[in-house]
Amino acid sequence: MALKDFFIYLSENRILNSAAQRYGLRLGAQSVVAGVSIEETVKSIKELNKQNISCTVDNLGEFVYEKSEAIEAKNKILEVIQVIHDENLDAHISLKPSQLGLDIEYEFCKENLKEIVALAHQYNIFVNFDMEDYARLHSSFELLEELNKEFDNIGTVIQAYFFESEELIEKYKDFRLRIVKGAYKEPENVAYQTKSEIDKNYIKLIEYHLLNGKFTSIATHDHRVINHVKAFVKKHNIPNEKFEFQMLYGFRKEMQYDLAKEGFNFCTYLPFGKDWYGYFMRRLAERPQNLSLVTKQVFNK
Ligand code: FDA
């Protein structure tokens with residue numbers, strides 16, 4: 001089994017996930033997860049805001065099969081929205097429909113999302129629907145469409161590894177979209193498998209949305225893509241208000257600060273919460289060098 005597959009396998013292991021919840025942030029996860037509590041997370045947001053960096057806040061959560069767990073997640077997200085408003089933070093929300101009950105019952109999930117989006121709308125806070133694996137792709141877009149009938153403060157993610165991403169980006173061009181390469185292991189019949197194919201499609205999608213879309217979040221740690229985008233926006237006179245760069249909390253920190261200092265809009269994806277295990281394992285799968293985060297944490301005690 002390749003190292004990537006091994007970490008994806010670990011990320012999907014429910015028993016390890018619940019074992020990890022019993023402990024605080026471990027295995028180096030504290031480098032890439034902003035905190036367990038909302039208070040710790042607010043501190044991290046304020047630090048980043050001081051650097052002119054906005055945040056998209058994700059209450060971590062996976063393997064939600066009980067309605068009570070989805071309701072608990074919803075309440076936590078509502079609490080975060082209230083704090084963002086009360087403390088006047090430069091931040092918005094990222095959430096995963098599965099955490100709000102998509103795998104339990106579509107209508108139940110929709111009602112949970114609606115409550116979140118409505119409160120955020122009241123405070124003029126944006127809510128991003130993160131995209132998960134292919135099995136949830138179409139139902140997630142359906143939720144977006146249904147909620148968009150009432151609310152305009154929502155957007156989502158386009159994953160460049162899917163063959164149908166081009167079709168999706170055209171269809172949803174009037175939304176604020178985050179464009180990513182894609183983090184899950186997907187079968188050959190739905191997704192590109194090689195890095196070069198994914199990278200090529202990634203650039204194509206970014207260019208399309210920069211030229212035709214509402215607002216583009218370019219979410220990558222790939223300096224080649226970032227440099228390409230910088231040249232592309234200059235060439236096409238695309239104003240800063242039309243796009244931002246995004247990276248995950250704890251990754252390429254210097255580059256995050258530098259991009260903000262250069263005057264680009266920059267947004268850090270800030271995951272928090274007790275359910276850090278699956279998120280952390282997926283980051284190890286993407287880049288096994290991230291294991292150095294683990295060793296540093298273990299040996300620097
Ligand atoms: P990739 O991993 O392809 O790396 C390309 C090159 O960049 C590397 O070869 C290396 O040279 C350099 N590099 C990358 N990371 C580095 C590091 N830490 N230090 C030094 N050099 C580095 N996925 C998904 O399916 N659904 C979603 O909703 C989201 N949401 C999301 C939000 C945000 C803000 C980000 C940044 C990413 C996501 N993703 C995601 C994850 C995304 O799909 C993808 O898996 C990861 O970002 C990894 O791909 P990259 O584009 O970062 O570079």
# chains A, B, ... in the order shown; residues from 1 in each chain; ligands from 1
call {"tool": "residues_near_ligand", "arguments": {"ligand": "ligand 1", "cutoff": "9 Å", "atoms": "only C-alpha atoms and all ligand atoms", "output": "count of residues only"}}
result
56
call {"tool": "residues_around", "arguments": {"residues": "Ile116 in chain A", "least_positions_apart": "5", "cutoff": "12 Å", "atoms": "only C-alpha atoms", "output": "PyMOL selection string"}}
result
chain A and resi 71+73-82+92-95+97+100+109-111+121-123+125-129+147+151+153-154
call {"tool": "write_last_selection", "arguments": {"atoms": "N, CA and C atoms", "output": "mmCIF file, in the first residue's frame"}}
result
data_model
loop_
_atom_site.group_PDB
_atom_site.id
_atom_site.type_symbol
_atom_site.label_atom_id
_atom_site.label_comp_id
_atom_site.auth_asym_id
_atom_site.auth_seq_id
_atom_site.Cartn_x
_atom_site.Cartn_y
_atom_site.Cartn_z
ATOM 1 N N ILE A 71 -26.589 17.775 15.270
ATOM 2 C CA ILE A 71 -27.144 18.946 15.967
ATOM 3 C C ILE A 71 -26.072 19.612 16.831
ATOM 4 N N ALA A 73 -22.930 19.621 16.168
ATOM 5 C CA ALA A 73 -22.046 20.339 15.224
ATOM 6 C C ALA A 73 -22.696 21.651 14.795
ATOM 7 N N LYS A 74 -23.992 21.582 14.485
ATOM 8 C CA LYS A 74 -24.703 22.799 14.063
ATOM 9 C C LYS A 74 -24.622 23.866 15.154
ATOM 10 N N ASN A 75 -24.857 23.457 16.402
ATOM 11 C CA ASN A 75 -24.830 24.431 17.496
ATOM 12 C C ASN A 75 -23.446 25.055 17.657
ATOM 13 N N LYS A 76 -22.433 24.245 17.459
ATOM 14 C CA LYS A 76 -21.061 24.756 17.562
ATOM 15 C C LYS A 76 -20.816 25.807 16.471
ATOM 16 N N ILE A 77 -21.274 25.522 15.262
ATOM 17 C CA ILE A 77 -21.057 26.455 14.150
ATOM 18 C C ILE A 77 -21.849 27.753 14.394
ATOM 19 N N LEU A 78 -23.075 27.612 14.922
ATOM 20 C CA LEU A 78 -23.868 28.815 15.239
ATOM 21 C C LEU A 78 -23.127 29.674 16.271
ATOM 22 N N GLU A 79 -22.505 28.966 17.228
ATOM 23 C CA GLU A 79 -21.733 29.678 18.260
ATOM 24 C C GLU A 79 -20.564 30.440 17.622
ATOM 25 N N VAL A 80 -19.898 29.806 16.669
ATOM 26 C CA VAL A 80 -18.756 30.457 16.004
ATOM 27 C C VAL A 80 -19.237 31.696 15.233
ATOM 28 N N ILE A 81 -20.357 31.565 14.545
ATOM 29 C CA ILE A 81 -20.890 32.706 13.778
ATOM 30 C C ILE A 81 -21.172 33.871 14.731
ATOM 31 N N GLN A 82 -21.782 33.543 15.879
ATOM 32 C CA GLN A 82 -22.089 34.591 16.852
ATOM 33 C C GLN A 82 -20.812 35.282 17.329
ATOM 34 N N HIS A 92 -15.014 33.920 8.078
ATOM 35 C CA HIS A 92 -16.279 33.308 7.665
ATOM 36 C C HIS A 92 -16.235 31.811 7.969
ATOM 37 N N ILE A 93 -17.244 31.103 7.489
ATOM 38 C CA ILE A 93 -17.400 29.696 7.872
ATOM 39 C C ILE A 93 -17.142 28.758 6.693
ATOM 40 N N SER A 94 -16.441 27.658 6.986
ATOM 41 C CA SER A 94 -16.401 26.527 6.052
ATOM 42 C C SER A 94 -17.045 25.343 6.769
ATOM 43 N N LEU A 95 -17.881 24.620 6.065
ATOM 44 C CA LEU A 95 -18.500 23.454 6.720
ATOM 45 C C LEU A 95 -18.640 22.293 5.747
ATOM 46 N N PRO A 97 -21.172 19.289 4.550
ATOM 47 C CA PRO A 97 -22.557 18.817 4.693
ATOM 48 C C PRO A 97 -22.663 17.491 5.461
ATOM 49 N N LEU A 100 -23.248 17.881 9.021
ATOM 50 C CA LEU A 100 -24.579 18.392 9.393
ATOM 51 C C LEU A 100 -25.666 17.374 9.073
ATOM 52 N N CYS A 109 -30.402 17.442 6.965
ATOM 53 C CA CYS A 109 -29.170 18.192 6.700
ATOM 54 C C CYS A 109 -29.516 19.587 6.188
ATOM 55 N N LYS A 110 -30.469 19.634 5.273
ATOM 56 C CA LYS A 110 -30.850 20.927 4.681
ATOM 57 C C LYS A 110 -31.360 21.899 5.760
ATOM 58 N N GLU A 111 -32.152 21.380 6.681
ATOM 59 C CA GLU A 111 -32.672 22.246 7.745
ATOM 60 C C GLU A 111 -31.537 22.762 8.630
ATOM 61 N N HIS A 121 -26.277 34.979 7.334
ATOM 62 C CA HIS A 121 -26.835 35.978 6.421
ATOM 63 C C HIS A 121 -27.211 37.254 7.192
ATOM 64 N N GLN A 122 -27.818 37.018 8.342
ATOM 65 C CA GLN A 122 -28.222 38.148 9.197
ATOM 66 C C GLN A 122 -27.009 39.027 9.533
ATOM 67 N N TYR A 123 -25.845 38.409 9.694
ATOM 68 C CA TYR A 123 -24.628 39.150 10.065
ATOM 69 C C TYR A 123 -23.710 39.412 8.864
ATOM 70 N N ILE A 125 -22.211 37.260 6.910
ATOM 71 C CA ILE A 125 -21.040 36.367 6.971
ATOM 72 C C ILE A 125 -21.217 35.281 5.907
ATOM 73 N N PHE A 126 -20.144 35.044 5.166
ATOM 74 C CA PHE A 126 -20.185 34.058 4.089
ATOM 75 C C PHE A 126 -20.042 32.634 4.650
ATOM 76 N N VAL A 127 -20.717 31.676 3.985
ATOM 77 C CA VAL A 127 -20.594 30.266 4.386
ATOM 78 C C VAL A 127 -20.183 29.432 3.173
ATOM 79 N N ASN A 128 -19.066 28.743 3.316
ATOM 80 C CA ASN A 128 -18.601 27.895 2.225
ATOM 81 C C ASN A 128 -18.941 26.434 2.499
ATOM 82 N N PHE A 129 -19.555 25.775 1.494
ATOM 83 C CA PHE A 129 -19.807 24.336 1.628
ATOM 84 C C PHE A 129 -18.574 23.614 1.083
ATOM 85 N N LEU A 147 -30.587 26.111 -1.190
ATOM 86 C CA LEU A 147 -30.442 27.201 -0.218
ATOM 87 C C LEU A 147 -30.230 28.541 -0.904
ATOM 88 N N PHE A 151 -30.881 32.427 0.001
ATOM 89 C CA PHE A 151 -29.698 33.125 0.551
ATOM 90 C C PHE A 151 -28.596 33.252 -0.487
ATOM 91 N N ASN A 153 -25.382 34.277 0.548
ATOM 92 C CA ASN A 153 -24.088 34.314 1.241
ATOM 93 C C ASN A 153 -23.412 32.940 1.275
ATOM 94 N N ILE A 154 -23.613 32.156 0.188
ATOM 95 C CA ILE A 154 -23.034 30.808 0.174
ATOM 96 C C ILE A 154 -22.241 30.553 -1.110
#
call {"tool": "residues_around", "arguments": {"residues": "Ala91 in chain A", "least_positions_apart": "5", "cutoff": "8 Å", "atoms": "only C-alpha atoms", "output": "tab-separated table (two decimals) with N, CA and C atoms, in the first residue's frame"}}
result
chain	number	residue	atom	x	y	z
A	45	ILE	N	-7.43	33.47	15.21
A	45	ILE	CA	-8.02	34.35	14.18
A	45	ILE	C	-7.50	35.77	14.38
A	54	SER	N	-7.52	37.11	6.46
A	54	SER	CA	-8.84	36.72	6.96
A	54	SER	C	-8.85	35.19	7.16
A	55	CYS	N	-9.90	34.69	7.77
A	55	CYS	CA	-9.92	33.25	8.09
A	55	CYS	C	-11.23	32.63	7.66
A	56	THR	N	-11.16	31.37	7.24
A	56	THR	CA	-12.38	30.59	7.06
A	56	THR	C	-12.32	29.47	8.09
A	57	VAL	N	-13.33	29.44	8.97
A	57	VAL	CA	-13.25	28.62	10.17
A	57	VAL	C	-14.04	27.32	9.99
A	84	ILE	N	-17.91	35.45	15.73
A	84	ILE	CA	-17.33	36.24	14.63
A	84	ILE	C	-18.00	37.61	14.60
A	125	ILE	N	-22.21	37.26	6.91
A	125	ILE	CA	-21.04	36.37	6.97
A	125	ILE	C	-21.22	35.28	5.91
call {"tool": "atom_distance", "arguments": {"atom1": "CA of Asp5 in chain A", "atom2": "CA of Asn189 in chain A"}}
result
18.0 Å
call {"tool": "select_by_dssp", "arguments": {"residues": "range 149-295 of chain A", "states": "strand (DSSP E or B)", "output": "VMD selection string"}}
result
chain A and resid 154 to 159 162 176 to 180 191 215 to 219 243 to 248 266 to 272
call {"tool": "write_last_selection", "arguments": {"atoms": "N, CA and C atoms", "output": "PDB file, in the first residue's frame"}}
result
ATOM      1  N   ILE A 154     -23.613  32.156   0.188  1.00  0.00           N
ATOM      2  CA  ILE A 154     -23.034  30.808   0.174  1.00  0.00           C
ATOM      3  C   ILE A 154     -22.241  30.553  -1.110  1.00  0.00           C
ATOM      4  N   GLY A 155     -21.289  29.650  -0.976  1.00  0.00           N
ATOM      5  CA  GLY A 155     -20.485  29.246  -2.124  1.00  0.00           C
ATOM      6  C   GLY A 155     -19.929  27.863  -1.860  1.00  0.00           C
ATOM      7  N   THR A 156     -19.119  27.387  -2.797  1.00  0.00           N
ATOM      8  CA  THR A 156     -18.614  26.027  -2.596  1.00  0.00           C
ATOM      9  C   THR A 156     -17.236  25.834  -3.232  1.00  0.00           C
ATOM     10  N   VAL A 157     -16.910  24.571  -3.441  1.00  0.00           N
ATOM     11  CA  VAL A 157     -15.571  24.189  -3.881  1.00  0.00           C
ATOM     12  C   VAL A 157     -15.653  23.401  -5.182  1.00  0.00           C
ATOM     13  N   ILE A 158     -14.705  23.665  -6.073  1.00  0.00           N
ATOM     14  CA  ILE A 158     -14.586  22.831  -7.280  1.00  0.00           C
ATOM     15  C   ILE A 158     -13.267  22.070  -7.168  1.00  0.00           C
ATOM     16  N   GLN A 159     -13.355  20.738  -7.312  1.00  0.00           N
ATOM     17  CA  GLN A 159     -12.166  19.878  -7.183  1.00  0.00           C
ATOM     18  C   GLN A 159     -11.669  19.501  -8.580  1.00  0.00           C
ATOM     19  N   PHE A 162     -11.838  15.957 -10.701  1.00  0.00           N
ATOM     20  CA  PHE A 162     -13.025  15.336 -11.302  1.00  0.00           C
ATOM     21  C   PHE A 162     -13.144  15.688 -12.784  1.00  0.00           C
ATOM     22  N   ARG A 176     -19.409  32.386  -5.552  1.00  0.00           N
ATOM     23  CA  ARG A 176     -18.044  32.509  -5.063  1.00  0.00           C
ATOM     24  C   ARG A 176     -17.519  31.071  -4.914  1.00  0.00           C
ATOM     25  N   LEU A 177     -16.426  30.759  -5.608  1.00  0.00           N
ATOM     26  CA  LEU A 177     -15.932  29.379  -5.610  1.00  0.00           C
ATOM     27  C   LEU A 177     -14.488  29.277  -5.133  1.00  0.00           C
ATOM     28  N   ARG A 178     -14.238  28.256  -4.324  1.00  0.00           N
ATOM     29  CA  ARG A 178     -12.862  27.902  -3.970  1.00  0.00           C
ATOM     30  C   ARG A 178     -12.438  26.785  -4.934  1.00  0.00           C
ATOM     31  N   ILE A 179     -11.284  26.962  -5.540  1.00  0.00           N
ATOM     32  CA  ILE A 179     -10.843  25.919  -6.475  1.00  0.00           C
ATOM     33  C   ILE A 179      -9.634  25.202  -5.881  1.00  0.00           C
ATOM     34  N   VAL A 180      -9.738  23.876  -5.824  1.00  0.00           N
ATOM     35  CA  VAL A 180      -8.679  23.046  -5.223  1.00  0.00           C
ATOM     36  C   VAL A 180      -8.339  21.899  -6.171  1.00  0.00           C
ATOM     37  N   ALA A 191     -12.320  10.427 -11.913  1.00  0.00           N
ATOM     38  CA  ALA A 191     -11.300  11.454 -11.621  1.00  0.00           C
ATOM     39  C   ALA A 191      -9.957  11.170 -12.282  1.00  0.00           C
ATOM     40  N   PHE A 215     -16.271  35.300  -7.815  1.00  0.00           N
ATOM     41  CA  PHE A 215     -15.106  35.537  -6.957  1.00  0.00           C
ATOM     42  C   PHE A 215     -14.370  34.200  -6.842  1.00  0.00           C
ATOM     43  N   THR A 216     -13.044  34.256  -6.936  1.00  0.00           N
ATOM     44  CA  THR A 216     -12.262  33.004  -6.955  1.00  0.00           C
ATOM     45  C   THR A 216     -11.343  32.918  -5.750  1.00  0.00           C
ATOM     46  N   SER A 217     -11.452  31.811  -5.025  1.00  0.00           N
ATOM     47  CA  SER A 217     -10.473  31.524  -3.965  1.00  0.00           C
ATOM     48  C   SER A 217      -9.537  30.452  -4.507  1.00  0.00           C
ATOM     49  N   ILE A 218      -8.288  30.835  -4.677  1.00  0.00           N
ATOM     50  CA  ILE A 218      -7.300  29.881  -5.201  1.00  0.00           C
ATOM     51  C   ILE A 218      -6.652  29.215  -3.992  1.00  0.00           C
ATOM     52  N   ALA A 219      -7.060  27.978  -3.728  1.00  0.00           N
ATOM     53  CA  ALA A 219      -6.640  27.317  -2.487  1.00  0.00           C
ATOM     54  C   ALA A 219      -5.576  26.276  -2.787  1.00  0.00           C
ATOM     55  N   PHE A 243     -10.528  38.088  -6.364  1.00  0.00           N
ATOM     56  CA  PHE A 243      -9.928  36.797  -5.995  1.00  0.00           C
ATOM     57  C   PHE A 243      -9.136  36.904  -4.699  1.00  0.00           C
ATOM     58  N   GLU A 244      -8.832  35.732  -4.156  1.00  0.00           N
ATOM     59  CA  GLU A 244      -7.952  35.663  -2.981  1.00  0.00           C
ATOM     60  C   GLU A 244      -7.158  34.369  -3.067  1.00  0.00           C
ATOM     61  N   PHE A 245      -6.085  34.303  -2.327  1.00  0.00           N
ATOM     62  CA  PHE A 245      -5.370  33.045  -2.144  1.00  0.00           C
ATOM     63  C   PHE A 245      -5.799  32.461  -0.802  1.00  0.00           C
ATOM     64  N   GLN A 246      -5.841  31.125  -0.760  1.00  0.00           N
ATOM     65  CA  GLN A 246      -6.136  30.456   0.511  1.00  0.00           C
ATOM     66  C   GLN A 246      -5.106  29.359   0.754  1.00  0.00           C
ATOM     67  N   MET A 247      -4.734  29.200   1.999  1.00  0.00           N
ATOM     68  CA  MET A 247      -3.911  28.041   2.394  1.00  0.00           C
ATOM     69  C   MET A 247      -4.419  27.529   3.731  1.00  0.00           C
ATOM     70  N   LEU A 248      -4.012  26.333   4.058  1.00  0.00           N
ATOM     71  CA  LEU A 248      -4.426  25.741   5.326  1.00  0.00           C
ATOM     72  C   LEU A 248      -3.570  26.293   6.464  1.00  0.00           C
ATOM     73  N   PHE A 266      -5.783  37.481   1.289  1.00  0.00           N
ATOM     74  CA  PHE A 266      -5.354  36.142   1.712  1.00  0.00           C
ATOM     75  C   PHE A 266      -6.275  35.646   2.820  1.00  0.00           C
ATOM     76  N   CYS A 267      -6.622  34.371   2.722  1.00  0.00           N
ATOM     77  CA  CYS A 267      -7.530  33.780   3.701  1.00  0.00           C
ATOM     78  C   CYS A 267      -6.944  32.441   4.164  1.00  0.00           C
ATOM     79  N   THR A 268      -6.812  32.287   5.466  1.00  0.00           N
ATOM     80  CA  THR A 268      -6.304  31.020   6.019  1.00  0.00           C
ATOM     81  C   THR A 268      -7.477  30.138   6.436  1.00  0.00           C
ATOM     82  N   TYR A 269      -7.404  28.882   6.027  1.00  0.00           N
ATOM     83  CA  TYR A 269      -8.427  27.896   6.406  1.00  0.00           C
ATOM     84  C   TYR A 269      -8.063  27.384   7.794  1.00  0.00           C
ATOM     85  N   LEU A 270      -8.939  27.659   8.740  1.00  0.00           N
ATOM     86  CA  LEU A 270      -8.601  27.429  10.141  1.00  0.00           C
ATOM     87  C   LEU A 270      -9.461  26.318  10.759  1.00  0.00           C
ATOM     88  N   PRO A 271      -8.956  25.114  10.792  1.00  0.00           N
ATOM     89  CA  PRO A 271      -9.742  24.041  11.387  1.00  0.00           C
ATOM     90  C   PRO A 271      -9.583  24.037  12.904  1.00  0.00           C
ATOM     91  N   PHE A 272     -10.661  23.735  13.608  1.00  0.00           N
ATOM     92  CA  PHE A 272     -10.546  23.627  15.065  1.00  0.00           C
ATOM     93  C   PHE A 272     -11.499  22.539  15.550  1.00  0.00           C
TER      94      PHE A 272
END
